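Raw contents of target_39.pdb, PDB, C-alpha atoms and all ligand atoms:
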```pdb
ATOM      1  CA  MET A 141     154.234 205.391 -43.056
ATOM      2  CA  GLN A 142     154.635 201.623 -42.867
ATOM      3  CA  VAL A 143     155.080 199.352 -45.880
ATOM      4  CA  ILE A 144     153.699 195.918 -45.043
ATOM      5  CA  ARG A 145     154.024 192.740 -47.098
ATOM      6  CA  THR A 146     152.073 190.125 -45.153
ATOM      7  CA  ILE A 147     148.462 189.718 -44.049
ATOM      8  CA  ALA A 148     149.497 188.821 -40.488
ATOM      9  CA  GLU A 149     151.619 191.958 -40.057
ATOM     10  CA  LEU A 150     148.899 194.122 -41.556
ATOM     11  CA  ARG A 151     146.306 192.759 -39.136
ATOM     12  CA  ASP A 152     148.663 193.482 -36.217
ATOM     13  CA  ALA A 153     149.327 197.017 -37.388
ATOM     14  CA  LEU A 154     145.626 197.729 -37.859
ATOM     15  CA  ALA A 155     144.453 196.262 -34.560
ATOM     16  CA  ILE A 156     144.605 199.633 -32.768
ATOM     17  CA  HIS A 157     142.600 201.484 -35.438
ATOM     18  CA  ARG A 158     138.796 201.400 -35.508
ATOM     19  CA  GLN A 159     138.328 203.855 -38.380
ATOM     20  CA  ARG A 160     140.069 202.595 -41.502
ATOM     21  CA  GLY A 161     139.958 204.236 -44.902
ATOM     22  CA  PHE A 162     141.094 202.016 -47.762
ATOM     23  CA  VAL A 163     142.282 202.805 -51.303
ATOM     24  CA  PRO A 164     143.003 199.663 -53.375
ATOM     25  CA  THR A 165     145.375 200.254 -56.308
ATOM     26  CA  MET A 166     147.596 198.378 -58.720
ATOM     27  CA  GLY A 167     150.412 200.897 -58.215
ATOM     28  CA  ASN A 168     152.138 203.048 -60.857
ATOM     29  CA  LEU A 169     150.356 205.871 -59.108
ATOM     30  CA  HIS A 170     149.362 209.304 -60.418
ATOM     31  CA  ASP A 171     147.617 212.272 -58.894
ATOM     32  CA  GLY A 172     144.210 210.633 -59.417
ATOM     33  CA  HIS A 173     145.168 207.878 -56.950
ATOM     34  CA  LEU A 174     146.691 210.381 -54.538
ATOM     35  CA  GLN A 175     143.458 212.357 -54.558
ATOM     36  CA  LEU A 176     141.613 209.182 -53.472
ATOM     37  CA  VAL A 177     144.085 208.832 -50.601
ATOM     38  CA  ARG A 178     143.539 212.485 -49.591
ATOM     39  CA  GLN A 179     139.782 211.862 -49.745
ATOM     40  CA  ALA A 180     140.134 208.771 -47.526
ATOM     41  CA  ARG A 181     142.188 210.821 -45.047
ATOM     42  CA  GLU A 182     139.534 213.542 -44.976
ATOM     43  CA  LEU A 183     136.804 210.941 -44.419
ATOM     44  CA  VAL A 184     138.463 208.960 -41.590
ATOM     45  CA  GLY A 185     139.864 212.042 -39.876
ATOM     46  CA  PRO A 186     143.281 212.498 -38.281
ATOM     47  CA  ALA A 187     142.806 209.635 -35.791
ATOM     48  CA  GLY A 188     141.807 207.060 -38.429
ATOM     49  CA  ALA A 189     144.200 204.934 -40.454
ATOM     50  CA  VAL A 190     144.524 205.311 -44.218
ATOM     51  CA  VAL A 191     145.610 202.118 -45.971
ATOM     52  CA  ALA A 192     146.497 201.862 -49.668
ATOM     53  CA  SER A 193     147.131 198.502 -51.277
ATOM     54  CA  ILE A 194     149.420 197.978 -54.241
ATOM     55  CA  PHE A 195     148.836 194.699 -56.010
ATOM     56  CA  VAL A 196     148.784 193.932 -59.729
ATOM     57  CA  ASN A 197     145.962 191.434 -59.784
ATOM     58  CA  ARG A 198     146.567 188.694 -62.317
ATOM     59  CA  LEU A 199     142.923 187.535 -62.034
ATOM     60  CA  GLN A 200     141.585 190.625 -63.800
ATOM     61  CA  PHE A 201     143.903 190.442 -66.830
ATOM     62  CA  ALA A 202     143.119 188.380 -69.915
ATOM     63  CA  PRO A 203     146.077 186.379 -71.305
ATOM     64  CA  HIS A 204     146.628 188.893 -74.156
ATOM     65  CA  GLU A 205     146.572 191.918 -71.814
ATOM     66  CA  ASP A 206     149.435 193.806 -70.135
ATOM     67  CA  PHE A 207     149.829 191.904 -66.828
ATOM     68  CA  ASP A 208     153.532 191.163 -67.388
ATOM     69  CA  THR A 209     154.447 194.645 -68.585
ATOM     70  CA  TYR A 210     152.229 196.599 -66.150
ATOM     71  CA  PRO A 211     154.716 199.022 -64.508
ATOM     72  CA  ARG A 212     155.787 198.003 -60.986
ATOM     73  CA  THR A 213     157.077 201.207 -59.334
ATOM     74  CA  LEU A 214     156.804 200.448 -55.610
ATOM     75  CA  GLU A 215     159.511 202.773 -54.310
ATOM     76  CA  ARG A 216     158.195 205.833 -56.125
ATOM     77  CA  ASP A 217     154.589 204.890 -55.253
ATOM     78  CA  CYS A 218     155.476 204.725 -51.547
ATOM     79  CA  GLN A 219     157.068 208.194 -51.627
ATOM     80  CA  LEU A 220     153.955 209.614 -53.282
ATOM     81  CA  LEU A 221     151.615 207.857 -50.856
ATOM     82  CA  GLU A 222     153.499 209.169 -47.849
ATOM     83  CA  GLY A 223     153.180 212.727 -49.203
ATOM     84  CA  ALA A 224     149.414 212.222 -49.664
ATOM     85  CA  GLY A 225     148.820 211.234 -46.038
ATOM     86  CA  CYS A 226     148.755 207.449 -46.257
ATOM     87  CA  ASP A 227     149.614 205.557 -43.030
ATOM     88  CA  ILE A 228     150.067 202.017 -44.306
ATOM     89  CA  VAL A 229     150.923 200.600 -47.718
ATOM     90  CA  PHE A 230     149.925 196.969 -48.103
ATOM     91  CA  ALA A 231     152.009 195.493 -50.934
ATOM     92  CA  PRO A 232     151.636 191.712 -50.781
ATOM     93  CA  SER A 233     153.434 189.317 -53.088
ATOM     94  CA  GLU A 234     151.343 187.171 -55.360
ATOM     95  CA  LYS A 235     152.114 184.187 -53.150
ATOM     96  CA  GLU A 236     150.882 186.052 -50.073
ATOM     97  CA  LEU A 237     147.538 186.973 -51.622
ATOM     98  CA  TYR A 238     147.054 183.835 -53.717
ATOM     99  CA  PRO A 239     149.018 181.088 -51.884
ATOM    100  CA  GLU A 240     147.019 178.541 -53.878
ATOM    101  CA  PRO A 241     145.032 178.977 -57.098
ATOM    102  CA  GLN A 242     142.018 181.156 -56.231
ATOM    103  CA  GLY A 243     139.240 178.610 -56.841
ATOM    104  CA  TYR A 244     136.591 180.567 -54.916
ATOM    105  CA  LYS A 245     135.635 183.674 -56.850
ATOM    106  CA  VAL A 246     133.114 186.493 -56.559
ATOM    107  CA  SER A 247     131.179 186.691 -59.814
ATOM    108  CA  PRO A 248     128.991 189.763 -60.267
ATOM    109  CA  PRO A 249     125.560 189.569 -61.961
ATOM    110  CA  THR A 250     125.668 189.497 -65.741
ATOM    111  CA  GLU A 251     123.326 192.465 -66.322
ATOM    112  CA  LEU A 252     125.928 194.785 -64.839
ATOM    113  CA  ALA A 253     129.170 192.909 -65.330
ATOM    114  CA  ASP A 254     128.792 191.563 -68.870
ATOM    115  CA  ILE A 255     128.039 194.911 -70.527
ATOM    116  CA  LEU A 256     130.490 197.626 -71.672
ATOM    117  CA  GLU A 257     133.866 196.849 -70.034
ATOM    118  CA  GLY A 258     132.721 193.348 -69.097
ATOM    119  CA  HIS A 259     131.631 192.627 -72.673
ATOM    120  CA  PHE A 260     135.029 193.571 -74.073
ATOM    121  CA  ARG A 261     137.026 192.171 -71.136
ATOM    122  CA  PRO A 262     135.261 188.909 -70.201
ATOM    123  CA  GLY A 263     136.031 187.860 -66.624
ATOM    124  CA  PHE A 264     137.447 191.288 -65.745
ATOM    125  CA  PHE A 265     134.863 192.128 -63.090
ATOM    126  CA  THR A 266     135.061 188.655 -61.528
ATOM    127  CA  GLY A 267     138.802 189.257 -61.126
ATOM    128  CA  VAL A 268     138.209 192.719 -59.661
ATOM    129  CA  CYS A 269     135.425 191.623 -57.275
ATOM    130  CA  THR A 270     137.413 188.604 -56.093
ATOM    131  CA  VAL A 271     140.522 190.588 -55.208
ATOM    132  CA  VAL A 272     138.621 193.527 -53.709
ATOM    133  CA  HIS A 273     136.445 191.225 -51.591
ATOM    134  CA  LYS A 274     139.589 189.463 -50.381
ATOM    135  CA  LEU A 275     141.348 192.779 -49.657
ATOM    136  CA  PHE A 276     138.236 193.974 -47.798
ATOM    137  CA  ASN A 277     138.411 190.829 -45.637
ATOM    138  CA  ILE A 278     142.074 191.473 -44.915
ATOM    139  CA  VAL A 279     141.934 195.238 -44.250
ATOM    140  CA  GLN A 280     138.380 195.322 -42.808
ATOM    141  CA  PRO A 281     138.006 198.993 -43.673
ATOM    142  CA  THR A 282     135.160 201.191 -42.482
ATOM    143  CA  LEU A 283     135.243 202.966 -45.842
ATOM    144  CA  ALA A 284     136.862 202.533 -49.234
ATOM    145  CA  VAL A 285     137.428 205.030 -52.049
ATOM    146  CA  PHE A 286     137.441 204.133 -55.768
ATOM    147  CA  GLY A 287     137.902 206.475 -58.724
ATOM    148  CA  LYS A 288     134.922 207.426 -60.897
ATOM    149  CA  LYS A 289     137.233 207.110 -63.900
ATOM    150  CA  ASP A 290     136.456 203.371 -63.657
ATOM    151  CA  TYR A 291     132.752 204.173 -63.536
ATOM    152  CA  GLN A 292     131.401 200.676 -64.059
ATOM    153  CA  GLN A 293     133.932 199.188 -61.639
ATOM    154  CA  LEU A 294     132.776 201.599 -58.933
ATOM    155  CA  MET A 295     129.163 200.581 -59.557
ATOM    156  CA  VAL A 296     129.940 196.848 -59.558
ATOM    157  CA  LEU A 297     131.897 197.146 -56.288
ATOM    158  CA  ARG A 298     129.226 199.307 -54.647
ATOM    159  CA  ARG A 299     126.611 196.632 -55.439
ATOM    160  CA  MET A 300     128.900 193.806 -54.295
ATOM    161  CA  THR A 301     129.445 195.542 -50.972
ATOM    162  CA  ALA A 302     125.717 196.113 -50.471
ATOM    163  CA  GLN A 303     124.629 192.637 -51.591
ATOM    164  CA  MET A 304     127.276 190.882 -49.477
ATOM    165  CA  ALA A 305     126.280 193.079 -46.496
ATOM    166  CA  LEU A 306     129.852 194.218 -45.986
ATOM    167  CA  PRO A 307     129.960 196.974 -43.344
ATOM    168  CA  ILE A 308     131.953 199.311 -45.586
ATOM    169  CA  GLU A 309     130.975 202.727 -46.971
ATOM    170  CA  ILE A 310     131.935 203.018 -50.629
ATOM    171  CA  HIS A 311     132.938 206.472 -51.890
ATOM    172  CA  GLY A 312     133.598 207.620 -55.454
ATOM    173  CA  GLY A 313     136.470 210.000 -56.204
ATOM    174  CA  GLU A 314     136.216 212.517 -59.058
ATOM    175  CA  THR A 315     138.373 211.877 -62.133
ATOM    176  CA  ARG A 316     141.561 213.955 -62.241
ATOM    177  CA  ARG A 317     142.534 215.347 -65.639
ATOM    178  CA  SER A 318     145.606 216.933 -67.168
ATOM    179  CA  GLU A 319     145.349 220.668 -67.956
ATOM    180  CA  GLN A 320     144.337 219.698 -71.495
ATOM    181  CA  GLY A 321     141.583 217.387 -70.199
ATOM    182  CA  LEU A 322     143.124 213.927 -70.483
ATOM    183  CA  ALA A 323     141.827 211.667 -67.689
ATOM    184  CA  LEU A 324     144.813 210.577 -65.584
ATOM    185  CA  SER A 325     145.490 206.867 -65.916
ATOM    186  CA  SER A 326     148.390 204.556 -65.175
ATOM    187  CA  ARG A 327     148.226 203.462 -68.816
ATOM    188  CA  ASN A 328     148.841 207.039 -70.106
ATOM    189  CA  GLY A 329     152.510 206.231 -69.527
ATOM    190  CA  TYR A 330     152.318 203.944 -72.581
ATOM    191  CA  LEU A 331     151.404 206.919 -74.838
ATOM    192  CA  SER A 332     153.887 208.910 -76.944
ATOM    193  CA  GLU A 333     153.695 212.735 -76.753
ATOM    194  CA  ALA A 334     151.770 212.834 -80.047
ATOM    195  CA  GLU A 335     149.368 210.153 -78.774
ATOM    196  CA  LYS A 336     148.779 212.148 -75.560
ATOM    197  CA  THR A 337     147.442 215.013 -77.679
ATOM    198  CA  GLU A 338     145.391 212.671 -79.864
ATOM    199  CA  ALA A 339     144.039 210.939 -76.724
ATOM    200  CA  LEU A 340     142.005 214.080 -75.938
ATOM    201  CA  ARG A 341     139.703 213.065 -78.792
ATOM    202  CA  LEU A 342     138.069 210.433 -76.576
ATOM    203  CA  SER A 343     136.673 212.906 -74.009
ATOM    204  CA  ARG A 344     135.833 215.370 -76.821
ATOM    205  CA  THR A 345     133.764 212.696 -78.548
ATOM    206  CA  LEU A 346     131.947 211.876 -75.294
ATOM    207  CA  LYS A 347     131.222 215.605 -74.807
ATOM    208  CA  GLU A 348     129.775 215.767 -78.327
ATOM    209  CA  LEU A 349     127.457 212.823 -77.586
ATOM    210  CA  ILE A 350     126.186 214.649 -74.500
ATOM    211  CA  ALA A 351     125.809 217.943 -76.405
ATOM    212  CA  ARG A 352     123.749 216.254 -79.117
ATOM    213  CA  TRP A 353     121.470 214.678 -76.503
ATOM    214  CA  HIS A 354     120.985 218.038 -74.788
ATOM    215  CA  ALA A 355     120.288 219.610 -78.186
ATOM    216  CA  GLY A 356     117.310 217.232 -78.483
ATOM    217  CA  GLU A 357     118.661 214.408 -80.674
ATOM    218  CA  ARG A 358     117.262 211.033 -79.642
ATOM    219  CA  ASP A 359     118.546 208.604 -82.278
ATOM    220  CA  LEU A 360     121.027 207.080 -79.833
ATOM    221  CA  ASP A 361     122.059 204.188 -82.077
ATOM    222  CA  GLY A 362     122.803 206.615 -84.914
ATOM    223  CA  MET A 363     124.656 209.046 -82.626
ATOM    224  CA  GLU A 364     126.761 206.263 -81.129
ATOM    225  CA  ALA A 365     127.543 204.776 -84.543
ATOM    226  CA  GLN A 366     128.713 208.201 -85.770
ATOM    227  CA  ALA A 367     130.851 208.704 -82.662
ATOM    228  CA  LEU A 368     132.478 205.269 -83.192
ATOM    229  CA  GLN A 369     133.116 206.071 -86.854
ATOM    230  CA  SER A 370     134.698 209.440 -86.029
ATOM    231  CA  LEU A 371     137.221 207.691 -83.771
ATOM    232  CA  ARG A 372     137.887 205.021 -86.408
ATOM    233  CA  ASP A 373     138.471 207.771 -88.997
ATOM    234  CA  ALA A 374     141.100 209.240 -86.671
ATOM    235  CA  GLY A 375     142.913 205.898 -86.480
ATOM    236  CA  TRP A 376     141.481 204.564 -83.212
ATOM    237  CA  ALA A 377     139.992 201.112 -82.574
ATOM    238  CA  PRO A 378     136.981 201.900 -80.352
ATOM    239  CA  ASP A 379     135.197 199.255 -78.256
ATOM    240  CA  TYR A 380     132.180 201.356 -77.211
ATOM    241  CA  LEU A 381     130.972 204.955 -76.980
ATOM    242  CA  THR A 382     127.586 205.217 -75.387
ATOM    243  CA  LEU A 383     125.170 207.295 -73.372
ATOM    244  CA  ARG A 384     123.636 205.460 -70.403
ATOM    245  CA  ARG A 385     121.606 206.054 -67.235
ATOM    246  CA  GLN A 386     123.918 206.800 -64.313
ATOM    247  CA  HIS A 387     121.757 204.696 -62.042
ATOM    248  CA  ASP A 388     122.303 201.257 -63.608
ATOM    249  CA  LEU A 389     124.062 201.850 -66.957
ATOM    250  CA  GLY A 390     120.839 200.921 -68.779
ATOM    251  CA  ALA A 391     119.800 202.735 -71.985
ATOM    252  CA  ALA A 392     119.602 206.525 -71.676
ATOM    253  CA  VAL A 393     116.126 207.875 -70.956
ATOM    254  CA  GLU A 394     114.702 211.359 -70.831
ATOM    255  CA  GLY A 395     114.817 213.156 -67.504
ATOM    256  CA  GLN A 396     117.341 210.920 -65.738
ATOM    257  CA  PRO A 397     120.993 211.650 -64.932
ATOM    258  CA  LEU A 398     123.133 210.217 -67.705
ATOM    259  CA  VAL A 399     126.753 209.280 -68.224
ATOM    260  CA  ALA A 400     128.665 209.044 -71.494
ATOM    261  CA  LEU A 401     131.176 206.207 -71.413
ATOM    262  CA  GLY A 402     133.848 205.181 -73.867
ATOM    263  CA  ALA A 403     136.713 202.756 -74.334
ATOM    264  CA  ALA A 404     139.028 202.718 -77.328
ATOM    265  CA  LYS A 405     142.491 201.673 -78.344
ATOM    266  CA  LEU A 406     144.926 204.302 -79.531
ATOM    267  CA  GLY A 407     147.903 202.468 -80.998
ATOM    268  CA  SER A 408     148.449 199.637 -78.535
ATOM    269  CA  THR A 409     147.027 201.513 -75.515
ATOM    270  CA  ARG A 410     143.457 200.975 -74.406
ATOM    271  CA  LEU A 411     141.933 204.103 -72.823
ATOM    272  CA  ILE A 412     138.633 204.528 -71.000
ATOM    273  CA  ASP A 413     136.834 207.681 -69.957
ATOM    274  CA  ASN A 414     133.406 208.896 -68.928
ATOM    275  CA  LEU A 415     131.516 212.129 -68.331
ATOM    276  CA  GLU A 416     128.426 212.542 -66.188
ATOM    277  CA  THR A 417     125.618 214.824 -67.247
TER     278      THR A 417
HETATM  279  O1  LIG A 501     141.160 200.013 -60.291
HETATM  280  C1  LIG A 501     142.134 199.281 -60.019
HETATM  281  O2  LIG A 501     143.265 199.737 -59.944
HETATM  282  C2  LIG A 501     141.899 197.799 -59.784
HETATM  283  O3  LIG A 501     140.891 197.311 -60.605
HETATM  284  C3  LIG A 501     141.631 197.449 -58.302
HETATM  285  C4  LIG A 501     140.327 198.071 -57.814
HETATM  286  C5  LIG A 501     142.786 197.935 -57.438
HETATM  287  C6  LIG A 501     141.517 195.923 -58.139
HETATM  288  O4  LIG A 501     142.675 195.282 -58.530
END
```

Would you give me this structure, written as C-alpha cells?
Amino acid sequence: MQVIRTIAELRDALAIHRQRGFVPTMGNLHDGHLQLVRQARELVGPAGAVVASIFVNRLQFAPHEDFDTYPRTLERDCQLLEGAGCDIVFAPSEKELYPEPQGYKVSPPTELADILEGHFRPGFFTGVCTVVHKLFNIVQPTLAVFGKKDYQQLMVLRRMTAQMALPIEIHGGETRRSEQGLALSSRNGYLSEAEKTEALRLSRTLKELIARWHAGERDLDGMEAQALQSLRDAGWAPDYLTLRRQHDLGAAVEGQPLVALGAAKLGSTRLIDNLET
C-alpha cells in the first residue's frame, strides 16, 4: 500500500488504473470505515485500485467544534487500511488541498442541506460537498462508498454527484455497531465507559419511535417531543429525533420507507444515529 501526500504523485500513481474505488475519511478509523474499504474492494474487483483519503476538513467544522482536537492517528489508520485491502492512502496536508483560501464552494440546496444536521450545523454540508467534490476531481474515482451512519450526508453527496453529472457511482455502506448496538463513530473515543453504556439510549429511542409508528400512532409531533424529553430526562442535550421519508427526508407518510434519525449531545460528545424501517 502506498501513502501519498501530494495531488501530483497521486495522479501519477493512479494513471494505470481505470477502475478506482474511493473511500473519503477524516481518519481515526474504526471498523465501520474498514467495512467501506472492503466494500470498495469488492466493487472494483482485484484489478481495480482502492483509494482512501484521510483529511480533517476544516471547512466542515464550526469555530466552536472539535477541529483542533479531532484525533490525528495516521500511522495506526494506515496499518488498518492495509489490512482492509486498500491500495493507496491519500493524506494531503492542509496546504496541499487548500493552498489558498477556498473561495469557490459547492453549496447544496437548502431543502436538503438546511434541515436536521444542516440546521444544527450551519455550513456543514457546504464544507462536506466542497471537499468531496475537490477530492473527486483529484482521485477521479469510478465509484465512491460513504457510510449510511451519516445518512443525510450520503443523500446530499448522492444528489451532488447526480446534479453535477459526475461519472461516479455512489454506494452506501451499512452502519457497523458494537455488540451492544452502539453505532461505531470516530467520536465514540471521546466517551467514558459509563457514557458508552448510556449512549445506547439514542438508538433505543429511535427504535421506540419506529415501534410506535408501526403500532399505528400518527401524532408525529407529539411522539418526537416525547422522545426528545426522554433524552433530556436522562441528561442528554438532543438536537433532533425524528421520523422521515427515506427518499428525501421529508415528513413521514404512510406506506413509504421511513428512517428515524437523531442527534444529541451526551456530556460534551455529539452523537448521531439512524435506523431505516
Ligand atoms: O464523513 C466524513 O468523514 C467526512 O464528512 C468526509 C465525507 C470524509 C468529508 O470530509

Interface rows for chain A against ligand LIG 501 (chain A): nearest pair, Å to one decimal, 6 Å, all atoms listed in the file, as a Markdown table:
```
| residue | atom | partner | partner_atom | distance |
| --- | --- | --- | --- | --- |
| A:Pro164 | CA | A:LIG501 | C5 | 4.4 |
| A:Thr165 | CA | A:LIG501 | C5 | 3.7 |
| A:Met166 | CA | A:LIG501 | O2 | 4.7 |
| A:Asn197 | CA | A:LIG501 | O4 | 5.2 |
| A:Val268 | CA | A:LIG501 | C6 | 4.9 |
| A:Val272 | CA | A:LIG501 | C6 | 5.8 |
```

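The environment of stretch 366-373 of chain A within 8 Å, counting all atoms listed in the file and disregarding residues fewer than 4 places along the same chain, consists of Arg341, Leu342, Thr345, Leu349, Gly362, Ala377, Pro378, Tyr380 and Leu381 of chain A.
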
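Remark: for A:Leu389, the closest of the candidate residues A:Leu176, A:Ile144, A:Ile412, A:Met295 is A:Met295 (distances computed over all atoms listed in the file).
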
| Near A:Tyr210, within 9 Å and counting all atoms listed in the file, which residues show up once chain neighbours fewer than 5 positions away are dropped, as number ranges by chain? | A: 166, 168, 196, 326-327

Write the selection just made, keeping C-alpha atoms, as a PDB file, keeping the file's coordinate frame?
```pdb
ATOM      1  CA  MET A 166     147.596 198.378 -58.720  1.00  0.00           C
ATOM      2  CA  ASN A 168     152.138 203.048 -60.857  1.00  0.00           C
ATOM      3  CA  VAL A 196     148.784 193.932 -59.729  1.00  0.00           C
ATOM      4  CA  SER A 326     148.390 204.556 -65.175  1.00  0.00           C
ATOM      5  CA  ARG A 327     148.226 203.462 -68.816  1.00  0.00           C
TER       6      ARG A 327
END
```

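You can rank A:Ile156, A:Ala305, A:Ala187, A:Ala192 by their closest distance to A:Ala284 using only C-alpha atoms, and at the top of that list sits A:Ala192.
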
Close residues, stretch 219-235 of chain A itself excluded, 8 Å, all atoms listed in the file, min 6 positions apart in chain, as a compact mmCIF listing (two decimals) with C-alpha atoms, keeping the file's coordinate frame:
```txt
# COMPACT_ATOMS: atom_id res chain seq x y z
CA MET A 141 154.23 205.39 -43.06
CA GLN A 142 154.64 201.62 -42.87
CA VAL A 143 155.08 199.35 -45.88
CA ILE A 144 153.70 195.92 -45.04
CA ARG A 145 154.02 192.74 -47.10
CA THR A 146 152.07 190.12 -45.15
CA ILE A 147 148.46 189.72 -44.05
CA LEU A 150 148.90 194.12 -41.56
CA LEU A 169 150.36 205.87 -59.11
CA LEU A 174 146.69 210.38 -54.54
CA GLN A 175 143.46 212.36 -54.56
CA VAL A 177 144.08 208.83 -50.60
CA ARG A 178 143.54 212.48 -49.59
CA ARG A 181 142.19 210.82 -45.05
CA ALA A 189 144.20 204.93 -40.45
CA VAL A 190 144.52 205.31 -44.22
CA VAL A 191 145.61 202.12 -45.97
CA ALA A 192 146.50 201.86 -49.67
CA SER A 193 147.13 198.50 -51.28
CA ILE A 194 149.42 197.98 -54.24
CA PHE A 195 148.84 194.70 -56.01
```

| task | Using the chain letters and numbering of this document, enumerate as a PyMOL selection string the residues selected by the PyMOL selection byres (((chain A and resi 401) around 7) and not hetatm). | result | chain A and resi 346+381-383+399-400+402+413-415

| query | Using only C-alpha atoms, what residues lie at most 10 Å away from (136.0, 206.4, -59.9) (file coordinates), given as a ChimeraX atom specification? | reply | /A:172-173,176,285-295,311-316,414

| query | Restricting the calculation to only C-alpha atoms, which member of A:Gln280, A:Lys336, A:Ala253, A:Phe264 is positioned closest to A:Pro203? | reply | A:Phe264

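Atom CA of A:Leu252 is positioned 21.6 Å from atom CA of A:Gly395.
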
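Atom CA of A:Glu416 to atom CA of A:Cys269 spans 23.8 Å [interatomic distance, one decimal].
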
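For the pair atom CA of A:Glu338 and atom CA of A:Met363, the interatomic distance is 21.2 Å.
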
| request: Return the single residue from A:Tyr330, A:Phe276, A:Tyr238, A:Trp376 that is closest to A:Pro307, with distances computed using all atoms listed in the file. | output: A:Phe276

| task | Would you list the contacts of A:Gln396 as a ChimeraX atom specification, taking every protein, DNA or RNA residue within 9 Å and counting all atoms listed in the file, but skipping same-chain residues closer than 2 positions in sequence? | result | /A:385-387,392-394,398

List, as a JSON list (two decimals) with C-alpha atoms, in the frame of the given file, every residue that the PyMOL selection byres (((chain A and resi 262) around 12) and not hetatm) selects in the file provided.
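Done, and the output landed in out-v2.json:
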```
[["chain", "number", "residue", "atom", "x", "y", "z"],
["A", 199, "LEU", "CA", 142.92, 187.54, -62.03],
["A", 200, "GLN", "CA", 141.58, 190.62, -63.80],
["A", 201, "PHE", "CA", 143.90, 190.44, -66.83],
["A", 202, "ALA", "CA", 143.12, 188.38, -69.92],
["A", 203, "PRO", "CA", 146.08, 186.38, -71.31],
["A", 205, "GLU", "CA", 146.57, 191.92, -71.81],
["A", 247, "SER", "CA", 131.18, 186.69, -59.81],
["A", 248, "PRO", "CA", 128.99, 189.76, -60.27],
["A", 250, "THR", "CA", 125.67, 189.50, -65.74],
["A", 253, "ALA", "CA", 129.17, 192.91, -65.33],
["A", 254, "ASP", "CA", 128.79, 191.56, -68.87],
["A", 255, "ILE", "CA", 128.04, 194.91, -70.53],
["A", 256, "LEU", "CA", 130.49, 197.63, -71.67],
["A", 257, "GLU", "CA", 133.87, 196.85, -70.03],
["A", 258, "GLY", "CA", 132.72, 193.35, -69.10],
["A", 259, "HIS", "CA", 131.63, 192.63, -72.67],
["A", 260, "PHE", "CA", 135.03, 193.57, -74.07],
["A", 261, "ARG", "CA", 137.03, 192.17, -71.14],
["A", 263, "GLY", "CA", 136.03, 187.86, -66.62],
["A", 264, "PHE", "CA", 137.45, 191.29, -65.74],
["A", 265, "PHE", "CA", 134.86, 192.13, -63.09],
["A", 266, "THR", "CA", 135.06, 188.66, -61.53],
["A", 267, "GLY", "CA", 138.80, 189.26, -61.13],
["A", 268, "VAL", "CA", 138.21, 192.72, -59.66]]
```

| note | Of A:Gln159, A:His273, A:Gly329, A:Arg344, the one nearest to A:Pro211 when counting all atoms listed in the file is A:Gly329

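Minimum atom-to-atom distances from A:Tyr244, A:Arg358, A:Gly161, A:Leu331 to A:Leu411 were compared using all atoms listed in the file, and the lowest value belongs to A:Leu331.
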